[in-house]
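Dropping data_16.cif in here (mmCIF, N, CA and C atoms):
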```cif
data_final
#
loop_
_atom_site.label_atom_id
_atom_site.label_comp_id
_atom_site.auth_asym_id
_atom_site.auth_seq_id
_atom_site.Cartn_x
_atom_site.Cartn_y
_atom_site.Cartn_z
N ASN A 14 108.04 84.61 100.52
CA ASN A 14 107.64 86.00 100.46
C ASN A 14 107.34 86.39 99.02
N ARG A 15 106.13 86.78 98.74
CA ARG A 15 105.74 87.11 97.38
C ARG A 15 105.31 88.56 97.23
N ASN A 16 105.89 89.47 97.95
CA ASN A 16 105.53 90.87 97.82
C ASN A 16 106.09 91.43 96.52
N VAL A 17 105.26 92.18 95.81
CA VAL A 17 105.69 92.87 94.59
C VAL A 17 105.54 94.36 94.85
N ASP A 18 106.65 95.08 94.81
CA ASP A 18 106.64 96.52 95.02
C ASP A 18 106.85 97.21 93.67
N LEU A 19 106.13 98.30 93.44
CA LEU A 19 106.22 99.04 92.17
C LEU A 19 106.53 100.50 92.44
N LEU A 20 107.22 101.11 91.50
CA LEU A 20 107.48 102.54 91.53
C LEU A 20 107.16 103.07 90.15
N ILE A 21 106.27 104.06 90.10
CA ILE A 21 105.90 104.70 88.84
C ILE A 21 106.27 106.17 88.97
N GLU A 22 107.05 106.65 87.99
CA GLU A 22 107.54 108.03 88.08
C GLU A 22 107.40 108.70 86.72
N LYS A 23 107.00 109.97 86.74
CA LYS A 23 106.83 110.75 85.51
C LYS A 23 107.42 112.14 85.72
N ARG A 24 108.24 112.58 84.79
CA ARG A 24 108.83 113.93 84.84
C ARG A 24 108.20 114.75 83.72
N VAL A 25 107.71 115.93 84.09
CA VAL A 25 107.13 116.87 83.13
C VAL A 25 108.04 118.09 83.09
N ASP A 26 108.62 118.35 81.92
CA ASP A 26 109.48 119.52 81.76
C ASP A 26 108.62 120.77 81.61
N LEU A 27 108.95 121.79 82.38
CA LEU A 27 108.23 123.06 82.34
C LEU A 27 109.10 124.08 81.61
N PRO A 28 108.53 125.21 81.23
CA PRO A 28 109.32 126.23 80.53
C PRO A 28 110.55 126.64 81.36
N GLY A 29 111.63 126.93 80.66
CA GLY A 29 112.87 127.27 81.35
C GLY A 29 113.58 126.01 81.78
N SER A 30 114.19 126.04 82.94
CA SER A 30 114.91 124.87 83.44
C SER A 30 114.13 124.15 84.54
N ALA A 31 112.85 124.45 84.67
CA ALA A 31 112.03 123.83 85.73
C ALA A 31 111.47 122.48 85.27
N ALA A 32 111.20 121.63 86.25
CA ALA A 32 110.60 120.32 85.99
C ALA A 32 109.69 119.95 87.15
N PHE A 33 108.67 119.18 86.84
CA PHE A 33 107.71 118.72 87.84
C PHE A 33 107.74 117.20 87.84
N ASP A 34 108.07 116.61 88.97
CA ASP A 34 108.14 115.15 89.09
C ASP A 34 106.95 114.63 89.86
N LEU A 35 106.29 113.61 89.31
CA LEU A 35 105.19 112.90 89.99
C LEU A 35 105.65 111.48 90.23
N ARG A 36 105.28 110.93 91.38
CA ARG A 36 105.75 109.60 91.72
C ARG A 36 104.70 108.87 92.55
N ALA A 37 104.54 107.58 92.28
CA ALA A 37 103.65 106.72 93.07
C ALA A 37 104.43 105.45 93.43
N GLU A 38 104.47 105.14 94.71
CA GLU A 38 105.12 103.92 95.20
C GLU A 38 104.03 103.00 95.72
N ILE A 39 104.03 101.77 95.26
CA ILE A 39 103.01 100.81 95.66
C ILE A 39 103.71 99.61 96.30
N PHE A 40 103.44 99.40 97.56
CA PHE A 40 104.04 98.29 98.29
C PHE A 40 103.02 97.15 98.38
N ASN A 41 103.47 95.92 98.12
CA ASN A 41 102.60 94.74 98.04
C ASN A 41 101.50 95.00 97.01
N ALA A 42 101.91 95.36 95.80
CA ALA A 42 101.01 95.80 94.73
C ALA A 42 99.93 94.76 94.40
N LEU A 43 100.25 93.50 94.45
CA LEU A 43 99.27 92.46 94.12
C LEU A 43 98.42 92.07 95.32
N ASN A 44 98.68 92.69 96.46
CA ASN A 44 97.94 92.45 97.70
C ASN A 44 97.91 90.97 98.07
N TYR A 45 99.05 90.32 97.92
CA TYR A 45 99.18 88.91 98.26
C TYR A 45 99.18 88.75 99.78
N VAL A 46 98.29 87.93 100.30
CA VAL A 46 98.14 87.75 101.75
C VAL A 46 98.95 86.54 102.20
N GLN A 47 99.74 86.73 103.26
CA GLN A 47 100.48 85.63 103.87
C GLN A 47 99.96 85.44 105.28
N PHE A 48 99.43 84.26 105.56
CA PHE A 48 98.86 83.97 106.86
C PHE A 48 99.91 83.35 107.78
N ALA A 49 99.73 83.53 109.07
CA ALA A 49 100.63 82.95 110.06
C ALA A 49 100.47 81.44 110.07
N GLY A 50 101.53 80.74 110.40
CA GLY A 50 101.48 79.28 110.49
C GLY A 50 100.83 78.83 111.79
N PRO A 51 100.72 77.54 111.99
CA PRO A 51 100.11 77.03 113.23
C PRO A 51 101.02 77.27 114.42
N GLY A 52 100.43 77.23 115.61
CA GLY A 52 101.20 77.36 116.84
C GLY A 52 102.17 76.20 116.97
N THR A 53 103.43 76.48 117.29
CA THR A 53 104.44 75.41 117.33
C THR A 53 104.97 75.11 118.73
N SER A 54 104.53 75.87 119.72
CA SER A 54 105.00 75.62 121.08
C SER A 54 104.15 74.52 121.71
N ILE A 55 104.79 73.41 122.02
CA ILE A 55 104.05 72.25 122.53
C ILE A 55 103.42 72.50 123.90
N THR A 56 103.91 73.50 124.62
CA THR A 56 103.35 73.81 125.94
C THR A 56 102.21 74.83 125.86
N SER A 57 101.95 75.35 124.68
CA SER A 57 100.90 76.35 124.51
C SER A 57 99.55 75.69 124.32
N ALA A 58 98.50 76.36 124.78
CA ALA A 58 97.14 75.85 124.57
C ALA A 58 96.74 75.97 123.10
N ASP A 59 97.46 76.80 122.34
CA ASP A 59 97.17 77.00 120.92
C ASP A 59 98.03 76.12 120.02
N PHE A 60 98.67 75.09 120.57
CA PHE A 60 99.53 74.23 119.77
C PHE A 60 98.74 73.59 118.63
N GLY A 61 99.23 73.75 117.42
CA GLY A 61 98.60 73.15 116.25
C GLY A 61 97.42 73.92 115.69
N ARG A 62 96.96 74.94 116.38
CA ARG A 62 95.83 75.72 115.88
C ARG A 62 96.32 76.73 114.85
N VAL A 63 95.51 76.92 113.82
CA VAL A 63 95.84 77.88 112.78
C VAL A 63 94.88 79.05 112.89
N PHE A 64 95.43 80.25 113.01
CA PHE A 64 94.63 81.46 113.07
C PHE A 64 94.78 82.22 111.76
N LEU A 65 93.72 82.87 111.33
CA LEU A 65 93.78 83.65 110.09
C LEU A 65 94.34 85.03 110.40
N ARG A 66 95.62 85.07 110.72
CA ARG A 66 96.33 86.30 111.03
C ARG A 66 97.26 86.64 109.88
N GLN A 67 97.13 87.83 109.34
CA GLN A 67 98.01 88.23 108.25
C GLN A 67 99.35 88.68 108.81
N VAL A 68 100.46 88.11 108.28
CA VAL A 68 101.78 88.44 108.80
C VAL A 68 102.50 89.49 107.95
N ASN A 69 102.01 89.77 106.76
CA ASN A 69 102.62 90.83 105.96
C ASN A 69 101.69 92.04 105.91
N GLN A 70 102.19 93.14 105.41
CA GLN A 70 101.40 94.37 105.33
C GLN A 70 100.46 94.32 104.13
N PRO A 71 99.23 94.84 104.26
CA PRO A 71 98.35 94.93 103.09
C PRO A 71 98.88 95.99 102.13
N ARG A 72 98.28 96.09 100.97
CA ARG A 72 98.73 97.05 99.96
C ARG A 72 98.76 98.46 100.52
N GLN A 73 99.85 99.16 100.24
CA GLN A 73 100.00 100.56 100.64
C GLN A 73 100.45 101.36 99.44
N ILE A 74 99.85 102.54 99.25
CA ILE A 74 100.20 103.40 98.13
C ILE A 74 100.63 104.75 98.68
N GLN A 75 101.73 105.26 98.14
CA GLN A 75 102.29 106.52 98.60
C GLN A 75 102.54 107.40 97.36
N PHE A 76 102.05 108.64 97.40
CA PHE A 76 102.23 109.55 96.28
C PHE A 76 103.18 110.68 96.68
N GLY A 77 103.88 111.21 95.70
CA GLY A 77 104.77 112.33 95.95
C GLY A 77 104.87 113.22 94.72
N ALA A 78 105.18 114.48 94.95
CA ALA A 78 105.37 115.44 93.88
C ALA A 78 106.53 116.35 94.25
N ARG A 79 107.27 116.79 93.22
CA ARG A 79 108.43 117.66 93.47
C ARG A 79 108.55 118.64 92.32
N LEU A 80 108.77 119.87 92.66
CA LEU A 80 109.01 120.93 91.68
C LEU A 80 110.48 121.30 91.76
N ALA A 81 111.20 121.08 90.67
CA ALA A 81 112.63 121.41 90.63
C ALA A 81 112.83 122.58 89.69
N PHE A 82 113.58 123.58 90.17
CA PHE A 82 113.85 124.76 89.32
C PHE A 82 115.24 125.28 89.56
#
```

Write-out of the structure in C-alpha coordinates:
Amino acid sequence: NRNVDLLIEKRVDLPGSAAFDLRAEIFNALNYVQFAGPGTSITSADFGRVFLRQVNQPRQIQFGARLAF
(Lines of atoms letter the chains of each structure in order from A and count residues from 1; the text may use other names and numbers.)
(Lines give C-alpha, C1' and ligand atoms only; values in the text may rest on other atoms or scores of the structure.)
Protein backbone atom coordinates (compact mmCIF):
# COMPACT_ATOMS: atom_id res chain seq x y z
CA ASN A 1 0.00 0.00 0.00
CA ARG A 2 1.62 3.23 -1.12
CA ASN A 3 -1.06 5.82 -0.37
CA VAL A 4 0.26 9.20 0.74
CA ASP A 5 -2.25 11.38 2.58
CA LEU A 6 -1.59 15.09 3.23
CA LEU A 7 -3.16 17.71 5.45
CA ILE A 8 -2.47 21.40 4.87
CA GLU A 9 -3.81 23.85 7.43
CA LYS A 10 -3.51 27.62 7.82
CA ARG A 11 -4.81 29.80 10.67
CA VAL A 12 -5.38 33.51 10.06
CA ASP A 13 -5.78 35.62 13.19
CA LEU A 14 -8.48 38.26 12.88
CA PRO A 15 -8.94 41.39 15.01
CA GLY A 16 -9.99 40.64 18.57
CA SER A 17 -10.02 36.99 19.60
CA ALA A 18 -11.37 35.68 16.27
CA ALA A 19 -9.51 33.33 13.93
CA PHE A 20 -10.18 31.87 10.50
CA ASP A 21 -8.94 28.34 9.79
CA LEU A 22 -8.46 26.99 6.26
CA ARG A 23 -7.75 23.33 5.67
CA ALA A 24 -7.18 20.99 2.72
CA GLU A 25 -7.04 17.21 3.09
CA ILE A 26 -5.63 15.23 0.18
CA PHE A 27 -6.09 11.47 0.15
CA ASN A 28 -3.81 9.41 -2.15
CA ALA A 29 -1.96 12.65 -2.96
CA LEU A 30 0.46 11.05 -5.43
CA ASN A 31 -2.44 9.28 -7.17
CA TYR A 32 -0.62 5.95 -7.01
CA VAL A 33 -2.72 3.28 -8.76
CA GLN A 34 -2.93 -0.26 -7.38
CA PHE A 35 -4.38 -2.82 -9.76
CA ALA A 36 -6.14 -6.03 -8.76
CA GLY A 37 -4.17 -9.25 -8.99
CA PRO A 38 -5.03 -12.18 -11.25
CA GLY A 39 -8.00 -14.44 -10.59
CA THR A 40 -6.97 -17.12 -8.10
CA SER A 41 -10.01 -19.39 -7.99
CA ILE A 42 -9.14 -22.49 -9.99
CA THR A 43 -12.83 -23.19 -10.68
CA SER A 44 -13.43 -19.73 -12.15
CA ALA A 45 -13.42 -19.04 -15.88
CA ASP A 46 -11.25 -15.99 -15.07
CA PHE A 47 -8.49 -18.04 -13.41
CA GLY A 48 -5.12 -16.44 -14.13
CA ARG A 49 -6.60 -13.51 -16.04
CA VAL A 50 -5.48 -10.03 -15.05
CA PHE A 51 -7.99 -7.20 -15.28
CA LEU A 52 -7.05 -3.54 -15.11
CA ARG A 53 -9.25 -2.87 -12.09
CA GLN A 54 -8.14 -0.25 -9.61
CA VAL A 55 -8.45 -1.53 -6.02
CA ASN A 56 -7.62 1.72 -4.20
CA GLN A 57 -9.39 5.08 -4.34
CA PRO A 58 -8.18 7.73 -6.80
CA ARG A 59 -6.99 11.09 -5.47
CA GLN A 60 -9.60 12.91 -3.40
CA ILE A 61 -9.35 16.48 -2.12
CA GLN A 62 -11.51 17.90 0.65
CA PHE A 63 -11.55 21.57 1.71
CA GLY A 64 -12.83 23.09 4.93
CA ALA A 65 -13.06 26.47 6.61
CA ARG A 66 -13.90 27.47 10.17
CA LEU A 67 -14.46 30.81 11.83
CA ALA A 68 -13.70 30.75 15.56
CA PHE A 69 -14.65 33.66 17.79

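You will find CA of Gln70 (chain A) at 14.4 Å from CA of Glu38 (chain A).
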
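Put simply, CA of Glu22 (chain A) is 16.8 Å away from atom N of Phe82 (chain A).
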
Which residues fall under the PyMOL selection byres ((chain A and resi 64) around 7) in this file, as a ChimeraX atom specification? /A:48-52,62-63,65-67

Might you pull out every residue within 8 Å of Gln73 (chain A), with only N, CA and C atoms counted and same-chain residues fewer than 3 positions away left off, and present them as a PyMOL selection string? chain A and resi 38-42+44+70+76

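Ranking A:Val68, A:Val46, A:Ser57, A:Arg36 by their shortest atom-to-atom distance to Arg24 (chain A), with only C-alpha atoms included, puts A:Arg36 first.
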
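Counting from CA of Arg15 (chain A), the distance to atom N of Asp59 (chain A) is 28.2 Å.
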
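Secondary structure from DSSP on the backbone puts strand (DSSP E) at the following positions of chain A: Leu19, Leu20, Ile21, Glu22, Lys23, Arg24, Val25, Asp26, Ala32, Phe33, Asp34, Leu35, Arg36, Ala37, Glu38, Ile39, Phe40, Gln73, Ile74, Gln75, Phe76, Gly77, Ala78, Arg79, Leu80 and Ala81 of chain A.
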
Residue contacts of Lys23 (chain A) (6 Å, only N, CA and C atoms) excluding same-chain residues fewer than 6 positions away, as a list in words: Phe33, Asp34, Leu35 and Arg36 of chain A

Size and centre in Å, one decimal, axis-aligned box, all listed region 33-39 of chain A atoms plus 3 Å per side, as AutoDock Vina command-line options:
```
--center_x 105.8 --center_y 109.4 --center_z 91.6 --size_x 11.7 --size_y 25.6 --size_z 15.5
```

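The smallest atom-to-atom distance between Asp18 (chain A) and any of A:Ile55, A:Leu43, A:Ala81, A:Ile74, using all atoms listed in the file, is found for A:Leu43.
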
Can I get a file of region 40-59 of chain A from the given structure, N, CA, C and O atoms kept, as an mmCIF file, in the first residue's frame?
```
data_model
loop_
_atom_site.group_PDB
_atom_site.id
_atom_site.type_symbol
_atom_site.label_atom_id
_atom_site.label_comp_id
_atom_site.auth_asym_id
_atom_site.auth_seq_id
_atom_site.Cartn_x
_atom_site.Cartn_y
_atom_site.Cartn_z
ATOM 1 N N PHE A 40 -6.231 12.913 -0.027
ATOM 2 C CA PHE A 40 -6.090 11.470 0.150
ATOM 3 C C PHE A 40 -5.524 10.872 -1.137
ATOM 4 O O PHE A 40 -5.968 11.200 -2.229
ATOM 5 N N ASN A 41 -4.538 9.985 -1.012
ATOM 6 C CA ASN A 41 -3.807 9.410 -2.149
ATOM 7 C C ASN A 41 -3.226 10.540 -2.995
ATOM 8 O O ASN A 41 -3.440 10.631 -4.200
ATOM 9 N N ALA A 42 -2.465 11.423 -2.345
ATOM 10 C CA ALA A 42 -1.960 12.653 -2.955
ATOM 11 C C ALA A 42 -1.131 12.401 -4.220
ATOM 12 O O ALA A 42 -1.182 13.191 -5.164
ATOM 13 N N LEU A 43 -0.380 11.341 -4.259
ATOM 14 C CA LEU A 43 0.457 11.052 -5.432
ATOM 15 C C LEU A 43 -0.302 10.291 -6.507
ATOM 16 O O LEU A 43 0.248 9.990 -7.564
ATOM 17 N N ASN A 44 -1.565 9.985 -6.241
ATOM 18 C CA ASN A 44 -2.440 9.276 -7.166
ATOM 19 C C ASN A 44 -1.819 7.960 -7.645
ATOM 20 O O ASN A 44 -1.877 7.603 -8.810
ATOM 21 N N TYR A 45 -1.229 7.238 -6.707
ATOM 22 C CA TYR A 45 -0.623 5.950 -7.009
ATOM 23 C C TYR A 45 -1.719 4.913 -7.243
ATOM 24 O O TYR A 45 -2.589 4.713 -6.400
ATOM 25 N N VAL A 46 -1.684 4.251 -8.386
ATOM 26 C CA VAL A 46 -2.723 3.280 -8.764
ATOM 27 C C VAL A 46 -2.277 1.879 -8.372
ATOM 28 O O VAL A 46 -1.148 1.470 -8.639
ATOM 29 N N GLN A 47 -3.175 1.146 -7.711
ATOM 30 C CA GLN A 47 -2.931 -0.257 -7.378
ATOM 31 C C GLN A 47 -3.962 -1.097 -8.113
ATOM 32 O O GLN A 47 -5.163 -0.926 -7.912
ATOM 33 N N PHE A 48 -3.487 -1.979 -8.970
ATOM 34 C CA PHE A 48 -4.376 -2.821 -9.758
ATOM 35 C C PHE A 48 -4.644 -4.136 -9.041
ATOM 36 O O PHE A 48 -3.838 -4.615 -8.248
ATOM 37 N N ALA A 49 -5.776 -4.733 -9.328
ATOM 38 C CA ALA A 49 -6.140 -6.028 -8.757
ATOM 39 C C ALA A 49 -5.229 -7.104 -9.322
ATOM 40 O O ALA A 49 -4.755 -7.010 -10.455
ATOM 41 N N GLY A 50 -4.996 -8.131 -8.542
ATOM 42 C CA GLY A 50 -4.166 -9.250 -8.988
ATOM 43 C C GLY A 50 -4.956 -10.182 -9.899
ATOM 44 O O GLY A 50 -6.146 -9.971 -10.167
ATOM 45 N N PRO A 51 -4.332 -11.230 -10.377
ATOM 46 C CA PRO A 51 -5.029 -12.177 -11.252
ATOM 47 C C PRO A 51 -6.053 -12.993 -10.477
ATOM 48 O O PRO A 51 -5.990 -13.109 -9.254
ATOM 49 N N GLY A 52 -7.002 -13.561 -11.207
ATOM 50 C CA GLY A 52 -8.001 -14.438 -10.594
ATOM 51 C C GLY A 52 -7.324 -15.659 -10.004
ATOM 52 O O GLY A 52 -6.505 -16.298 -10.668
ATOM 53 N N THR A 53 -7.662 -16.011 -8.764
ATOM 54 C CA THR A 53 -6.969 -17.119 -8.097
ATOM 55 C C THR A 53 -7.853 -18.338 -7.846
ATOM 56 O O THR A 53 -7.370 -19.349 -7.347
ATOM 57 N N SER A 54 -9.126 -18.246 -8.191
ATOM 58 C CA SER A 54 -10.014 -19.392 -7.986
ATOM 59 C C SER A 54 -9.883 -20.342 -9.174
ATOM 60 O O SER A 54 -10.211 -19.996 -10.305
ATOM 61 N N ILE A 55 -9.410 -21.541 -8.907
ATOM 62 C CA ILE A 55 -9.143 -22.494 -9.990
ATOM 63 C C ILE A 55 -10.415 -22.952 -10.700
ATOM 64 O O ILE A 55 -10.381 -23.387 -11.846
ATOM 65 N N THR A 56 -11.568 -22.787 -10.056
ATOM 66 C CA THR A 56 -12.827 -23.190 -10.678
ATOM 67 C C THR A 56 -13.470 -22.058 -11.483
ATOM 68 O O THR A 56 -14.481 -22.273 -12.145
ATOM 69 N N SER A 57 -12.872 -20.881 -11.438
ATOM 70 C CA SER A 57 -13.431 -19.728 -12.145
ATOM 71 C C SER A 57 -12.959 -19.712 -13.595
ATOM 72 O O SER A 57 -11.837 -20.122 -13.923
ATOM 73 N N ALA A 58 -13.807 -19.192 -14.477
ATOM 74 C CA ALA A 58 -13.417 -19.038 -15.883
ATOM 75 C C ALA A 58 -12.366 -17.949 -16.039
ATOM 76 O O ALA A 58 -11.669 -17.886 -17.053
ATOM 77 N N ASP A 59 -12.228 -17.087 -15.028
ATOM 78 C CA ASP A 59 -11.250 -15.992 -15.073
ATOM 79 C C ASP A 59 -9.946 -16.352 -14.365
ATOM 80 O O ASP A 59 -9.145 -15.466 -14.063
#
```
